[in-house]
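*Asks:* Handing you this structure, nothing more for now.
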Amino acid sequence: MPDLEILIQSLGLVVIVAPSVLLCWLGIPSLLGRPLPESWVHRVVQTVIWTGLLAALAVLGLMLVSDQTHVMVVGRQWVHIPHYHFAFKLVFDRLSVPLVILTFLLCGTIGAFAARYLHRESGFNRFFVLYSVFLLGMTVASLAGTIETLFAGWELVGLSSAFLVAFYHERRGPVANGLHVWSVYRVSDAALLIASVVMHHLSGEGDFDKLIRGEGSWPFGSPTLSVSQATLAGLLLVVAAAGKSALIPFSGWLPRAMEGPTPSSAVFYGALSVHLGAFLMLRVSPLLDASPVTCAVIVVLGLASAAFGALANRVQTDIKSALSFASLTQVGLIFAEIGLGLRYIPLVHILGHACWRTLQFLRAPTVLHDFRQLENAVGGSLAARRQSWEQWIPENWRNWAYRFALERGELDQGLFNWFVNPVRELFIACDRYERLLLQGNPPPQKLGTEPWTRVLEETP
Amino acid sequence: MSAIPLPHADAPAMDRPLTSQDIEQAIPQLGALLPFQGPISSFVFLNPLQGLEDLPFDEAVRLGAEIFGCAPYLSEERYFLKQQQGRITAEELSAVLVRELGPAAQEPVGPRGTRLDFRLRMLTHRMHLGPPEEMAWWIAETDALKRLQQDVPEEIRHDFVRRSRTWILQAGTSWPGWPQADYGTPGDDWSDQLWEQASLACLWKVVLQGVERVELQPARPSRQRRLRDRLEQLTGIDTDLAVHELLIRLCAALTDQGLAGWPLPHREQGLWKAFLALYSEPGWLTRNWLAPIRDNLARLYTGQVTAIDSLRDSLQELGVSSENLVDFLRDSLVPLRGWAGLLWQLETRGDRVAQPVQPGTLLEFLAVRLLLDCQALRTVAAERLNYHGPLSGLWRVPVPPPRNSHSQQLELLGLQVFQAAQWCGWTAGEMLQLTSPQWENLVRELETFQPLERCRIQHLAFETRFREKALNAMTCRAVLPHAQVATPRFQAVFCIDTREESFRRHLEEVCPEAETFGAAGFFGVPIYYKGVVDAHYSTLCPIVIRPQHWIVEDVIYTQEASNRRRTRTRQALGEASHRVQEGTRGLATGALLTGGLGVLASVPLIASVLFPRLTSKIQHQAARLLAPPKGTRLRLERLTEKPGPEGDAIGFSLTEMVNMSERTLRDIGLIRNFAPLVFFVGHGSFCLNNPHKSAYDCGACSGGAGGPNARALASMLNDMRVRLALAERGIEIPHSTTFLGALHNTGEDSISYNELETLSIAQQRNFEFARQQFEETCERNARERCRRFYSAPLDLTPAAALRHVEARTVDLAQTRPEFGNATNAMCYVGRRSRIRGLYLDRRCFQVSYDATTDDLEATILGRILAAVVPVCEGINLLYYFSYIDPQGWGAGTKLPHNVTSLLGVMDGAASDLRGGLPWQGVEIHEPLRLLFVIESQPEAIRKIMARNPAVRQIIANGWVQVALLSPDSPDLLLYEAGSFRPWSPRNAGLSQVDSSWEWFRGQRDNLDFALLNPVREVPHA
C-alpha cells in the first residue's frame, strides 16, 4: 500500500512542521521587535495545535487501520559516508505516537489556559515564544528516530525550560534557580552527547531501529550490541535521563523549577519534560534488554528516587513543592518499572501521570478553596484525620528523618561538595597551568570582571 | 521609632549591657511595625504603614520607604505618563509648588526666572540620568550635544538659537572657550542646525566650567545597617540567601495548617525548641555551613537554654547595644517581614486559625535568625576574608573606595545643569555671566529638588486634580434639590463598598421609587458564624473588633432527616475525595491512581480549561444533589447568660438584639418612612483559582461574605418583641413592613435571598416586583463592570455582560475575576438624597448618615466615623501602596504565586510571604489618598476628633483628605493644615447625561463625574 504509506508520511511531516511554523510565526515578529498582539497569539497557537493534533491522530488511525507499527519519515542525511551517517529521521511507532498526542493535548490545553492566565502580563509574548520552542523540542524528541535527532529536541526542551524558570528575571531567585536547572541539564546533555558519540563509534550510526536485529518494532526485537557495549552506552544514557527526570542525585532542581508562571510549572515539570528521561529509557529499551547491569542501576535509582520523593513530599508545606515531589515519586517508579523490563505499563503510567499532575498543578492556586470544601464536607479538621506512616519510624530517628526530608536530602549541597567544586577546582587548575605554559605569566588572581549590578537609586 | 536611624558607621560603643527586659520590651514595638496580614483566607485591609500613623503622611511615607526598602511614590516616568494622559496638568503643579514653597517661590534661580519657573520645568521635563558609563555613552554616541533636548518647546528652541547666535557673533568667538577647532569662524552660510550645534557646544563647556566652581557635597554613605550588608559589600556574598532558605522552610513548617502530611516534630514546644531538636541532629553531609555549630545547638538543646538568652548572646556578638537594639532587630526582621508578621499575627490573633502558635514566637524567630546569621557571617568571613576575629570587628575592615571619581561626579552634575538650562532656554552667554554664589545656588537647587521631592510634588498635584473635580461634582449636585423618595416601593441597605455605588445607581435608575442606604457590611452585627455546611466558624466583622457572639445556621426541623442523609453522603464523598487527593501524592496509591486512572483526568482538565462555564454548571447541578435542604434558619437567641460557641450559648440576648437593631437603623437614618420591604444586602465574591479570593469579599467582614450578618439583622427586626422595644425607643416600624436578608455576589453579579418562606401573600407580590428590579440591575451593573475588563468587548448587551462576568468567576485561568475596590478614591458620609443621580464611577464609598437626626455632640457621626475612617482608610491605603510599589508593598504578579501552609502565598519556589494586593487586583487603581466628604459642620468634626484619638490621628496627619458638605447649603469646606477653609470651585459645571450607560459606553478608563438627568424626575418630598 504505497499510497497509504505516503499519506502517513506526509501527515507525519505535518506533525513536525506545525510546531516549527508556530515557532517562526511567533519568533520572527519578536525578533523584528513587533510581537503579535495577544489575540493573534492565541489564535495562532490554537490553529497550530489543532493541526498538529489532528495530524497525529490521523497517523494513529491510519496506522491502526493498515496494521503498521513502525513508520519512518526520513529527512535529510546530515553526514553520509560509508558505514557512518548522521540522519534526521522521525519514527512513528507504539511509543512515539501516544507521546506526541499527549504533547499536543497538554500543550494545547495549557496554551488555552495561559492565553487567559497571562493576559496583560508584560512577558506574555516571551512566554509563548518559549512555549513554542518547548513544543517543537517535545515533538522532535518524541518522534526522533536517531539519537542525534533526539538530542536536538532534548536541547530545545532544556533551553526553553531554563528560560521559563527564570521567567521573572527581575528577581534574584528565579534567575538563580533557572541557572541551577540549566546547569543540571548541561550535565545530562553532556552525558547524552557522549552516549551518542559512543553509539556512533560502536555501530556507525545513531539510528534507534538499528539497535535491534530483524524486523520487530518497539518494544520487540533483540539487541545488536554486545553486553559491555550496551552497558557503556546505557549507563551514559541513564545519567542523561536521571538529570532530565530529576532522579537522585539531581532531584534538587525539581522544586526549584517552580518559579515561573503556574501553567509553565504545570506543563513542563509536572507533565512533560520531567518524563522525557523515562521516555529516553523506553526509546533505547533494546540497550537495556542487553544489559542487566544498566537495568539494575535504573531500578535502584528509580526506587531510591521514589522513596526519597515520597518522604520529602510528606513535609512540604507549599503546594507546588509538594506536587513536584509527588511527581518525582511517580517518575522514580516509572523508571523502576522500565528497569524491571516492563514496557507498556510505564508508558501508560507516563500518560496517566502527566494528565493527572497537570490538572493538579493548574488547580494549585485553588488549594485553599478545595481544602475548605473538603473540610466542610468531612465536617472537621482534615489535619487530624491524616494517616501518617511516620509513626512507624523509630522515635530516635524521627527528627533525623524529618530534617532529611525538610532539607530535601541536602542533595544540592552534596552535588556542590562532591561534584561541582572539585570540577571547578580542576578547571581552574587547568587554566592556571595553561596560562603558565603558554604565556609564562603568573595567572590572575580573579577571573573575569565584576558585573555592574547597581542601579541609580531614585530614593534615598 | 520615629527618628531616621543612623547607619552603623563604626562598631557601636557598648553603653550598657543588654538585658532580657530590653529585648522583651522591644518585641511589641516591632510587632506593630510588621505587616499585619494574617491568614490569606480572611484578607485584612489595613494601612501598611499603620505603625507610623503617629507621623504626618509625608514623613511616614519616607521613613516607611526607608525602613522597608520600598518606593515612597511612583517613579517619575509614571508621573510623566499621567501628565500625558491629562491626569496631572501644569495648573495643579504650579498651585502645589506655590503652596509648598511660600515666599521662596519668587527667589531667582539661574540667569533668569524664579524658583517656581525652574521647578515647574523640572517637573514637566524628563531628566536623562544614569550610571557614569551610560552617560559617557550618551554624550559620545547620541545627539545630546548637537540638538536641543526633544522635549524643549518650539518657542524656547527658537529663542535659544536666536539669542545664542547673537552672542556668538558679538562675543562668543572671542571667548577663550570658543571651540575654534570644530567650528572656525561663523559665517552667513551656517544652517540653523549648525547654529544650534555650536550654541550647545558652548553651553556644555560653560556648564562644565561652572560646576567646577561649586564645592561638591560629599557622597551619601551607603545604607548599611546589618553586618550582612557590610559583608556583601566586602565579598559580594549575600549571607541571607542561605539563612532565608532554612528560615522559610522552618516558618512554613511551624505555621502549616495542614498542607504537609507530616507536621513539624515538637511543634507544640515552639519554634526555638523545634529548631534545636531538628538541627542538633547530624546531617549526612559534613561539609555544610551549619555543621560547625551542631555541637553548640545540641548544647543549647540539652542545656535548656532559652531563646531570649541565646538572642542576647547573638546580639552581644554582633555588637548591638541597648540603644540601637530596636532599630537593629527591626532591620533583621525586615528581609523576611512577611513571615515575621504572620508569626506575630498568629501569636496575637490566634482566633483566626485552627492551629495558632505559642506566645513568644516572634522572639524565638529572632533568636533563631540571629543564631543563623552569626554562623553564616562567620563562615563567609573565614572563607573569603580569612577573618576569624569577633564579628563586630567586621565593621572595621576597610571597604574599597567608591567607583565614581571626582571628574565623573562633576560631569554627572554638569549634565543635569546642561539639561535644565535647555528647558529654561538659558544660553551660554547668560550662563557665563553667573557669579560663583549664583552657580552655588543653582547647583544646590538641583540637589534639593531631587527625584523624591519632585515625585512628592507630582503626587500632590495628581491628588489635587482629582480632589478639585470631585468637590466640583459635589457642589454641582448639591445646588440641585434633594432626591427624597416620598413613598418608596422598597428600601435596600448595601455595604459602603465602592462596588455598590454603581449597583445602587443602577437600581435607582431602574426603579426610581427604590431608596438605598449604605452601612458597613457587617450591619452592626459582629459574629462568629457557622453555616449548615461549614466545618468551622468564620469571623464576620471588621478586624478591629473581636466578636463576642456565635451564630449557627440550622436546617428547619422538618427537613432534618433529609439533611442528615445528605450530610452523611457528603462526608463519605469528602473522605473518598480526600483519600484520592492524598493518594496521588503517595507512593503505591499514587502509582495505582495515576497509572490506572490518570488518563481519565484529561477529561476534567480539558473541560474546565476550554469550557469553564459549562463545566461549572454541570458541577453545580451535581452538587445540588448533595446540598443541604433549602429550609434553614439562624439560631439567633441564646438561652444561657453568657455567649459561647456551643449549644444553648449560641446567639444573642433580646436586649442585645434590640440595641444592635436600633444602632444600625439610627446610623443610616432609617427611622421613619419605612417601605413595605426593606432589604439588607451583604456582599461577597465567589471565584475559583484565586488565593486572594478573600480580598474581594467584604472588608467589613474580615474578608468574609456579609450575607449572614444581613440575614441576622433582618431576622431580628422581624421579631415582634424587638419591634415593640424599638417603638418604646422612638422607632415605629409598621406591621406591614418586612425585612429581608440578601447576599450580593459581586463576582458574578447575582443576588440571593434568605428566608423567603416567611413572606405573606401580599409581600410576595412586593418581593416579586423588587426581585425583577434587582435582576435588571445586576445585568446593567455587570455591563458597567465589563467596561474595565480588557478581555470583554465594549459592545456587550446587559445580558451578555452578565454571562461574561459569570464565566470569569468559574474560570481556572482567570486572574481578574473582578477588580474589588480598585477604583476607590473618595468616601461620602451623608444623605443619599443629596448625591443621588451623580455618576461616581464606582469610586466612592457611601455611608448613609442623616445629620438632621444627630445630636449636638454628633454622637451618631462619631460612632460612624470611628469605624468608617479606619476601615476605608485601610482599604484605600492598601490599594494605594500596593499600586505605588507592587513588588515592595504589594504582592507582585499573581502568576508565580505558590500557596504555603494554607496561610499565604510565596513567589515561586521559596520567598518571603507576600502581603498586600497582587498587581492584577490593583492595575486599574489610581493611588489617591481617600477624600472624605462628610455632610456635617466643622464643630462636630472637631468634637469627634477631640473624643477619638484614632480618628484624629488619621485626619490630622493627612492619611486621608477631608471636606465637609454643609447639611443645609451647597457650601464645601476643605481641611488643610489643621483648619477648615471654604472651598470654591475653579471650573464650575458638570456634564449631564440621560443614563449611566450613555456616559460610560465605549469607555475603558476612569471617567469624569456627571449628572444623570433622572435627578429631576424623582418626586421630592
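Convention: chains lettered A, B, ... in C-alpha cells order; per-chain residue numbering from 1; ligands numbered from 1 as shown.
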Which residues of stretch 845-867 of chain B come within 12 Å of stretch 500-506 of chain B, and for each one, what is the closest pair of atoms and their distance in Å to one decimal, counting only C-alpha atoms, sorted by chain and residue number, as JSON lines?
*Replies:*
```
{"residue": "B:Phe845", "atom": "CA", "partner": "B:Glu501", "partner_atom": "CA", "distance": 7.1}
{"residue": "B:Gln846", "atom": "CA", "partner": "B:Glu501", "partner_atom": "CA", "distance": 7.2}
{"residue": "B:Val847", "atom": "CA", "partner": "B:Glu501", "partner_atom": "CA", "distance": 10.5}
```
*Asks:* Just the strand (DSSP E) stuff from stretch 171-229 of chain A, please, per backbone DSSP, written as a PyMOL selection string.
*Replies:* chain A and resi 212-213+222-223
*Asks:* Go ahead and write the selection's residues with C-alpha atoms as an mmCIF file, in the first residue's frame.
*Replies:*
```
data_model
loop_
_atom_site.group_PDB
_atom_site.id
_atom_site.type_symbol
_atom_site.label_atom_id
_atom_site.label_comp_id
_atom_site.auth_asym_id
_atom_site.auth_seq_id
_atom_site.Cartn_x
_atom_site.Cartn_y
_atom_site.Cartn_z
ATOM 1 C CA ILE A 212 17.731 -4.274 17.174
ATOM 2 C CA ARG A 213 18.107 -7.127 14.845
ATOM 3 C CA SER A 222 16.630 -8.499 20.027
ATOM 4 C CA PRO A 223 19.614 -6.249 20.615
#
```
*Asks:* Sorted by chain and rising residue number, which residues of stretch 234-305 of chain A lie within 10 Å of stretch 190-210 of chain A, and what are their closest atom pairs and distances in Å to one decimal, counting only C-alpha atoms, as JSON lines?
*Replies:*
```
{"residue": "A:Gly234", "atom": "CA", "partner": "A:Ala195", "partner_atom": "CA", "distance": 7.8}
{"residue": "A:Leu235", "atom": "CA", "partner": "A:Ala195", "partner_atom": "CA", "distance": 8.5}
{"residue": "A:Leu236", "atom": "CA", "partner": "A:Ala191", "partner_atom": "CA", "distance": 5.4}
{"residue": "A:Leu237", "atom": "CA", "partner": "A:Leu192", "partner_atom": "CA", "distance": 5.8}
{"residue": "A:Val238", "atom": "CA", "partner": "A:Ala191", "partner_atom": "CA", "distance": 8.5}
{"residue": "A:Val239", "atom": "CA", "partner": "A:Ala191", "partner_atom": "CA", "distance": 6.2}
{"residue": "A:Ala240", "atom": "CA", "partner": "A:Ala191", "partner_atom": "CA", "distance": 5.2}
{"residue": "A:Ala241", "atom": "CA", "partner": "A:Leu192", "partner_atom": "CA", "distance": 8.2}
{"residue": "A:Gly243", "atom": "CA", "partner": "A:Ala191", "partner_atom": "CA", "distance": 9.3}
{"residue": "A:Leu280", "atom": "CA", "partner": "A:Leu192", "partner_atom": "CA", "distance": 9.9}
{"residue": "A:Arg283", "atom": "CA", "partner": "A:Phe208", "partner_atom": "CA", "distance": 7.5}
{"residue": "A:Val284", "atom": "CA", "partner": "A:Phe208", "partner_atom": "CA", "distance": 6.9}
{"residue": "A:Ser285", "atom": "CA", "partner": "A:Phe208", "partner_atom": "CA", "distance": 9.6}
{"residue": "A:Pro286", "atom": "CA", "partner": "A:Phe208", "partner_atom": "CA", "distance": 8.8}
{"residue": "A:Leu287", "atom": "CA", "partner": "A:Phe208", "partner_atom": "CA", "distance": 9.7}
```
*Asks:* Store the residues picked out above in a file with C-alpha atoms, as a compact mmCIF listing (two decimals), in the first residue's frame.
*Replies:*
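Saved the output as result.txt:
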```
# COMPACT_ATOMS: atom_id res chain seq x y z
CA GLY A 234 23.26 2.51 28.63
CA LEU A 235 24.89 3.93 31.74
CA LEU A 236 25.64 7.19 29.97
CA LEU A 237 22.04 7.39 28.89
CA VAL A 238 20.93 6.70 32.45
CA VAL A 239 22.92 9.75 33.61
CA ALA A 240 21.27 11.81 30.89
CA ALA A 241 17.81 10.56 31.83
CA GLY A 243 19.32 14.66 35.06
CA LEU A 280 14.54 8.10 26.59
CA ARG A 283 13.30 4.52 23.41
CA VAL A 284 16.61 2.76 23.97
CA SER A 285 14.96 -0.24 25.60
CA PRO A 286 16.89 -2.67 23.35
CA LEU A 287 20.05 -1.49 25.03
```
*Asks:* Could you state the separation of atom CA of B:Glu440 and atom CA of B:Leu460 in Å, given to one decimal place?
*Replies:*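 Distance reported for this atom pair: 28.4 Å.
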*Asks:* Just want the 12 Å neighbourhood of A:Leu95, counted on only C-alpha atoms, with same-chain residues fewer than 6 positions away dropped. Output as number ranges by chain.
*Replies:* A: 60, 69-71, 101-102, 141-145, 217-220, 278-285, 343-348, 350-351
*Asks:* Mind checking which residues fall within 9 Å of B:Pro17, counting only C-alpha atoms, ignoring those fewer than 5 positions away in the same chain, and posting them as number ranges by chain?
*Replies:* B: 316, 321-322
*Asks:* Take the residues just selected and output them with N, CA and C atoms as a PDB file, in the first residue's frame.
*Replies:*
```
ATOM      1  N   GLN B 316      25.062  40.421  71.489  1.00  0.00           N
ATOM      2  CA  GLN B 316      26.341  40.893  72.018  1.00  0.00           C
ATOM      3  C   GLN B 316      27.466  40.579  71.034  1.00  0.00           C
ATOM      4  N   SER B 321      24.059  47.433  70.896  1.00  0.00           N
ATOM      5  CA  SER B 321      23.892  47.982  72.239  1.00  0.00           C
ATOM      6  C   SER B 321      22.414  48.157  72.519  1.00  0.00           C
ATOM      7  N   SER B 322      22.107  48.446  73.768  1.00  0.00           N
ATOM      8  CA  SER B 322      20.689  48.612  74.108  1.00  0.00           C
ATOM      9  C   SER B 322      20.113  49.820  73.386  1.00  0.00           C
TER      10      SER B 322
END
```
*Asks:* Set the distance at 10 Å and use only C-alpha atoms: which residues neighbour B:Ser608 once local chain neighbours fewer than 2 positions away are removed? I'd like the list as a PyMOL selection string.
*Replies:* (chain A and resi 109+113+359) or (chain B and resi 602-606+610-616+810-813)
*Asks:* Dump C-alpha atoms for the selected residues as a CSV table (one decimal), in the first residue's frame?
*Replies:*
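Output saved as result-v2.csv:
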```csv
chain,number,residue,atom,x,y,z
A,109,THR,CA,-4.8,22.9,27.0
A,113,PHE,CA,-5.1,28.3,29.8
A,359,LEU,CA,-4.7,19.1,36.4
B,602,SER,CA,-7.7,14.6,31.0
B,603,VAL,CA,-11.5,14.9,30.8
B,604,PRO,CA,-11.9,17.4,33.7
B,605,LEU,CA,-8.7,19.0,32.7
B,606,ILE,CA,-9.7,19.9,29.2
B,610,LEU,CA,-11.8,25.1,27.5
B,611,PHE,CA,-15.4,25.2,28.7
B,612,PRO,CA,-15.3,26.7,32.2
B,613,ARG,CA,-18.9,28.0,32.4
B,614,LEU,CA,-20.4,24.7,31.2
B,615,THR,CA,-18.2,22.6,33.5
B,616,SER,CA,-19.2,24.7,36.4
B,810,VAL,CA,-15.6,30.0,37.4
B,811,ASP,CA,-12.6,30.1,35.0
B,812,LEU,CA,-9.5,28.4,36.4
B,813,ALA,CA,-7.3,30.6,34.1
```
